[in-house]
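Reading through the structure tokens given below for one structure.
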Amino acid sequence: MVALWRGRFLELGVEGLLKDAPRPGRTPTISAETTAALIAKTTQDTPAKATHWSTRTMAKEVGVSKASVSRIWRANGLKPHRVDSFKVSSDPHFADKLEAIVGLYLNPPEHALVLSVDEKSQIQALDRTQPGLPMKKGRGATMTHDYKRNGTTTLFAALNTANGAVFGLCQEKHRHQERLKFLRMIDKTIPANKEIYLICDNYSTHKHERVQRWLETHKRFHVRFTPTSASWLNMIERFFRDLTQNQLKRGVFQDLEQLITAIGNYIDAHNQNPKPFIWTAKASDILEKVTRAQATINKRRSA
């Protein structure tokens with residue numbers, strides 16, 4: 001044994017002493033051909049009576065154990081039970097709009113505010129039909145699956161991309177009149193010496209004739225529209241996600257006033273210690289991915 005390690009040191013130096021030499025291990029019971037066939041069937045085929053494979057259906061199909069199927073899938077990063085949703089934008093001006101918005105995120109203009117603006121519509125004031133039980137040791141909190149609707153509201157919100165502060169206004173309806181009311185509130189709240197850049201999606205209310213006329217008379221407002229089917233570029237969506245998860249999803253509201261109060265309290269608490277969402281993706285990287293995805297879609301359509 002001493003001679004073995006001395007020989008290793010003479011041949012490999014200190015690196016040869018840091019770990020043992022690789023060993024052959026146990027002879028695999030599943031051949032490489034079977035593994036390749038299992039991977040090909042997982043990625044290119046579907047079972048007769050289902051839309052995707054499970055470990056049991058694949059084990060029965062290939063003739064191996066479900067533990068072996070799970071191990072092979074895990075080693076190759078395959079998850080047939082999961083599916084990711086997507087939508088590739090077909091906007092002919094996608095690149096220009098992308099560069100304009102990402103440019104505002106990464107390099108905002110001086111003496112100006114960049115606001116990510118959108119509406120979270122049809123927020124329901126849901127009351128449960130029976131009171132739930134609180135969480136205790138060994139058991140989580142409970143909530144009935146059915147509910148009673150007590151009205152809806154629409155949250156108009158603008159996220160200051162520089163510091164993360166949010167301007168919010170709940171309205172009964174979702175029309176251009178409410179949009180103008182929200183814009184007037186922003187105009188009165190932000191100092192007059194600040195230019196304002198608004199990042200919006202392509203909802204018809206945002207492009208209404210009266211809204212456009214109001215923006216023309218208020219020259220300090222500059223609007224940048226996201227590409228079609230690309231609302232993920234709007235940073236306010238990240239705040240809406242937090243609002244839903246932290247306040248609305250498990251909330252119980254006996255009337256609409258309680259819902260509006262809860263939304264207002266959440267925004268006030270957020271603004272006491274706001275933290276900006278940091279945009280890190282470059283426009284060139286996003287454009288490369290979208291171009292590649294569009295090419296793949298066109299190829300599958302032609303096939």
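Labels used: A, B, ... for chains in the order of the structure tokens, numbers from 1 for residues in each chain, and numbers from 1 for ligands as shown.
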*Name the residues in contact with Tyr266 (chain A) at a cut-off of 12 Å, using only C-alpha atoms, excluding same-chain residues fewer than 2 positions from it; report them as a PyMOL selection string.*
chain A and resi 165-168+239-240+242-248+259-264+268-274
*Could you name the residues that touch Arg56 (chain A) at 12 Å or less, counting only C-alpha atoms, but leaving out those on the same chain fewer than 4 positions away, as a VMD selection string?*
chain A and resid 47 52 60 to 70
*Residues of region 85-241 of chain A in alpha helix (DSSP H) according to DSSP, as a PyMOL selection string?*
chain A and resi 94-106+176-189+209-217+236-241
Could the residues in this selection be saved with C-alpha atoms as a compact mmCIF listing (two decimals), in the first residue's frame?
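File written: part-v5.txt
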# COMPACT_ATOMS: atom_id res chain seq x y z
CA PHE A 94 -40.37 43.84 -30.88
CA ALA A 95 -36.65 44.67 -30.95
CA ASP A 96 -37.16 48.44 -30.84
CA LYS A 97 -39.69 48.29 -28.00
CA LEU A 98 -37.52 45.82 -26.09
CA GLU A 99 -34.43 48.03 -26.29
CA ALA A 100 -36.42 51.12 -25.26
CA ILE A 101 -37.87 49.48 -22.13
CA VAL A 102 -34.75 47.61 -21.02
CA GLY A 103 -32.78 50.81 -21.63
CA LEU A 104 -35.07 52.63 -19.18
CA TYR A 105 -34.51 49.87 -16.60
CA LEU A 106 -30.74 49.67 -16.91
CA HIS A 176 -60.37 55.20 -19.86
CA GLN A 177 -62.08 57.53 -17.37
CA GLU A 178 -60.47 55.69 -14.46
CA ARG A 179 -57.18 55.61 -16.35
CA LEU A 180 -57.27 59.41 -16.70
CA LYS A 181 -58.08 59.80 -13.02
CA PHE A 182 -55.02 57.73 -12.13
CA LEU A 183 -52.79 59.73 -14.49
CA ARG A 184 -54.00 62.98 -12.93
CA MET A 185 -53.17 61.60 -9.48
CA ILE A 186 -49.62 60.79 -10.64
CA ASP A 187 -49.30 64.24 -12.19
CA LYS A 188 -50.26 65.94 -8.91
CA THR A 189 -48.12 63.65 -6.73
CA GLU A 209 -58.31 58.77 -27.85
CA ARG A 210 -59.02 60.84 -24.74
CA VAL A 211 -56.01 59.37 -22.96
CA GLN A 212 -53.79 60.21 -25.92
CA ARG A 213 -55.09 63.79 -26.00
CA TRP A 214 -54.39 64.19 -22.28
CA LEU A 215 -50.83 62.92 -22.74
CA GLU A 216 -50.27 65.35 -25.63
CA THR A 217 -51.21 68.28 -23.40
CA ILE A 236 -45.21 46.06 -12.10
CA GLU A 237 -46.31 42.47 -12.77
CA ARG A 238 -43.76 41.35 -10.18
CA PHE A 239 -45.42 43.55 -7.56
CA PHE A 240 -48.86 42.20 -8.51
CA ARG A 241 -47.53 38.70 -7.93
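The shortest atom-to-atom distance to Thr154 (chain A), with only C-alpha atoms taken into account, belongs to A:Arg175 out of A:Arg71, A:Arg175, A:His111, A:Arg6.
Within 12 Å of region 42-46 of chain A, once only C-alpha atoms are used and residues closer than 6 positions along the same chain are dropped, the contacting residues are A:Thr35, A:Ala36, A:His52, A:Trp53, A:Ser54, A:Thr55, A:Thr57, A:Met58, A:Ala59, A:Glu61, A:Val62, A:Val69, A:Ser70, A:Ile72, A:Trp73, A:Asn76, A:Gly77, A:Leu78, A:Lys79, A:Pro80, A:His81.
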_Every residue of region 50-298 of chain A that DSSP places in strand (DSSP E or B), as an MDAnalysis selection string_ = chainID A and resid 112:128 136 139 147:160 166:171 195:200 221:225
*Got a sec: who's within 9 Å of Leu113 (chain A), counting only C-alpha atoms, leaving out chain neighbours fewer than 2 positions off, as a ChimeraX atom specification?*
/A:108-111,115,160-162,190,194-198
Okay, now the selection with all heavy atoms, as a tab-separated table (two decimals), in the first residue's frame?
chain	number	residue	atom	x	y	z
A	108	PRO	N	-31.68	54.61	-16.69
A	108	PRO	CA	-32.76	55.61	-16.69
A	108	PRO	C	-32.22	57.01	-16.92
A	108	PRO	O	-31.10	57.32	-16.51
A	108	PRO	CB	-33.37	55.46	-15.29
A	108	PRO	CG	-32.26	54.89	-14.45
A	108	PRO	CD	-31.47	54.01	-15.36
A	109	PRO	N	-33.01	57.87	-17.56
A	109	PRO	CA	-32.55	59.25	-17.81
A	109	PRO	C	-32.46	60.05	-16.51
A	109	PRO	O	-33.16	59.76	-15.53
A	109	PRO	CB	-33.62	59.81	-18.75
A	109	PRO	CG	-34.83	58.96	-18.51
A	109	PRO	CD	-34.33	57.61	-18.14
A	110	GLU	N	-31.61	61.06	-16.51
A	110	GLU	CA	-31.46	61.91	-15.34
A	110	GLU	C	-32.66	62.84	-15.19
A	110	GLU	O	-33.32	63.21	-16.16
A	110	GLU	CB	-30.17	62.74	-15.45
A	110	GLU	CG	-28.90	61.90	-15.43
A	110	GLU	CD	-27.66	62.76	-15.47
A	110	GLU	OE1	-27.81	64.00	-15.48
A	110	GLU	OE2	-26.55	62.21	-15.48
A	111	HIS	N	-32.93	63.23	-13.94
A	111	HIS	CA	-34.02	64.15	-13.61
A	111	HIS	C	-35.37	63.65	-14.16
A	111	HIS	O	-36.20	64.42	-14.65
A	111	HIS	CB	-33.74	65.56	-14.16
A	111	HIS	CG	-32.39	66.08	-13.78
A	111	HIS	ND1	-32.01	66.35	-12.48
A	111	HIS	CD2	-31.29	66.34	-14.55
A	111	HIS	CE1	-30.77	66.77	-12.45
A	111	HIS	NE2	-30.30	66.78	-13.69
A	115	LEU	N	-41.79	54.90	-14.43
A	115	LEU	CA	-42.90	54.23	-13.74
A	115	LEU	C	-43.40	53.07	-14.58
A	115	LEU	O	-43.74	53.24	-15.76
A	115	LEU	CB	-44.05	55.21	-13.48
A	115	LEU	CG	-43.74	56.44	-12.62
A	115	LEU	CD1	-44.98	57.29	-12.46
A	115	LEU	CD2	-43.20	56.03	-11.26
A	160	ASN	N	-42.37	52.73	-9.09
A	160	ASN	CA	-41.16	53.52	-9.32
A	160	ASN	C	-39.98	52.56	-9.43
A	160	ASN	O	-39.58	51.95	-8.43
A	160	ASN	CB	-40.95	54.52	-8.18
A	160	ASN	CG	-39.79	55.45	-8.43
A	160	ASN	OD1	-38.93	55.19	-9.27
A	160	ASN	ND2	-39.76	56.56	-7.70
A	161	THR	N	-39.44	52.38	-10.62
A	161	THR	CA	-38.40	51.38	-10.82
A	161	THR	C	-37.10	51.73	-10.13
A	161	THR	O	-36.24	50.87	-9.95
A	161	THR	CB	-38.14	51.20	-12.33
A	161	THR	OG1	-37.69	52.44	-12.90
A	161	THR	CG2	-39.40	50.73	-13.04
A	162	ALA	N	-36.93	52.99	-9.72
A	162	ALA	CA	-35.68	53.39	-9.08
A	162	ALA	C	-35.62	52.97	-7.62
A	162	ALA	O	-34.59	52.50	-7.15
A	162	ALA	CB	-35.50	54.91	-9.19
A	190	ILE	N	-46.23	63.74	-8.25
A	190	ILE	CA	-44.80	63.85	-8.60
A	190	ILE	C	-44.46	65.32	-8.87
A	190	ILE	O	-45.22	66.02	-9.56
A	190	ILE	CB	-44.49	62.98	-9.83
A	190	ILE	CG1	-44.76	61.51	-9.48
A	190	ILE	CG2	-43.06	63.16	-10.29
A	190	ILE	CD1	-44.59	60.57	-10.65
A	194	LYS	N	-39.98	67.04	-12.71
A	194	LYS	CA	-39.57	65.69	-13.08
A	194	LYS	C	-40.26	65.26	-14.37
A	194	LYS	O	-41.47	65.41	-14.52
A	194	LYS	CB	-39.94	64.70	-11.97
A	194	LYS	CG	-39.16	64.87	-10.68
A	194	LYS	CD	-37.77	64.29	-10.79
A	194	LYS	CE	-37.08	64.27	-9.45
A	194	LYS	NZ	-35.70	63.72	-9.54
A	195	GLU	N	-39.45	64.75	-15.29
A	195	GLU	CA	-40.02	64.08	-16.46
A	195	GLU	C	-40.50	62.69	-16.03
A	195	GLU	O	-39.91	62.06	-15.14
A	195	GLU	CB	-38.98	63.95	-17.56
A	195	GLU	CG	-38.52	65.28	-18.13
A	195	GLU	CD	-39.60	65.94	-18.97
A	195	GLU	OE1	-40.17	65.26	-19.85
A	195	GLU	OE2	-39.87	67.13	-18.73
A	196	ILE	N	-41.55	62.19	-16.67
A	196	ILE	CA	-42.15	60.92	-16.28
A	196	ILE	C	-42.20	60.00	-17.49
A	196	ILE	O	-42.80	60.35	-18.52
A	196	ILE	CB	-43.56	61.11	-15.70
A	196	ILE	CG1	-43.52	62.04	-14.49
A	196	ILE	CG2	-44.18	59.77	-15.32
A	196	ILE	CD1	-44.89	62.38	-13.94
A	197	TYR	N	-41.58	58.82	-17.36
A	197	TYR	CA	-41.63	57.80	-18.41
A	197	TYR	C	-42.54	56.67	-17.92
A	197	TYR	O	-42.30	56.08	-16.87
A	197	TYR	CB	-40.24	57.27	-18.71
A	197	TYR	CG	-39.36	58.25	-19.46
A	197	TYR	CD1	-38.70	59.27	-18.79
A	197	TYR	CD2	-39.22	58.15	-20.85
A	197	TYR	CE1	-37.91	60.19	-19.48
A	197	TYR	CE2	-38.43	59.06	-21.54
A	197	TYR	CZ	-37.78	60.06	-20.85
A	197	TYR	OH	-37.00	60.97	-21.54
A	198	LEU	N	-43.58	56.38	-18.69
A	198	LEU	CA	-44.54	55.36	-18.35
A	198	LEU	C	-44.32	54.12	-19.21
A	198	LEU	O	-44.24	54.23	-20.44
A	198	LEU	CB	-45.98	55.86	-18.55
A	198	LEU	CG	-46.39	57.12	-17.79
A	198	LEU	CD1	-47.83	57.48	-18.13
A	198	LEU	CD2	-46.22	56.94	-16.29
*Provide the CA of Asn298 (chain A) to CA of Ser284 (chain A) distance in Å, to one decimal place.*
21.0 Å
_Computed interatomic separation between CA of Ala75 (chain A) and CA of Pro24 (chain A) (Å)_ = 18.9 Å
_Could you check the closest approach to Ile297 (chain A) for each of A:Asp84, A:Glu119, A:Ser90, A:Lys19 and tell me which residue wins, using only C-alpha atoms?_
A:Ser90
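The coordinates place CA of Arg128 (chain A) at 4.4 Å from CA of Tyr147 (chain A).
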Determine, counting only C-alpha atoms, which protein, DNA and RNA residues have an atom within 8 Å of an atom of Ile123 (chain A); residues of the same chain fewer than 4 positions away are not included. Present the result as a compact mmCIF listing (two decimals) with C-alpha atoms, in the first residue's frame.
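Listing of out_26.txt after writing:
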# COMPACT_ATOMS: atom_id res chain seq x y z
CA THR A 152 -64.79 43.29 -7.45
CA THR A 153 -62.36 46.17 -7.74
CA THR A 154 -59.57 47.20 -10.11
CA LEU A 155 -56.19 48.33 -8.82
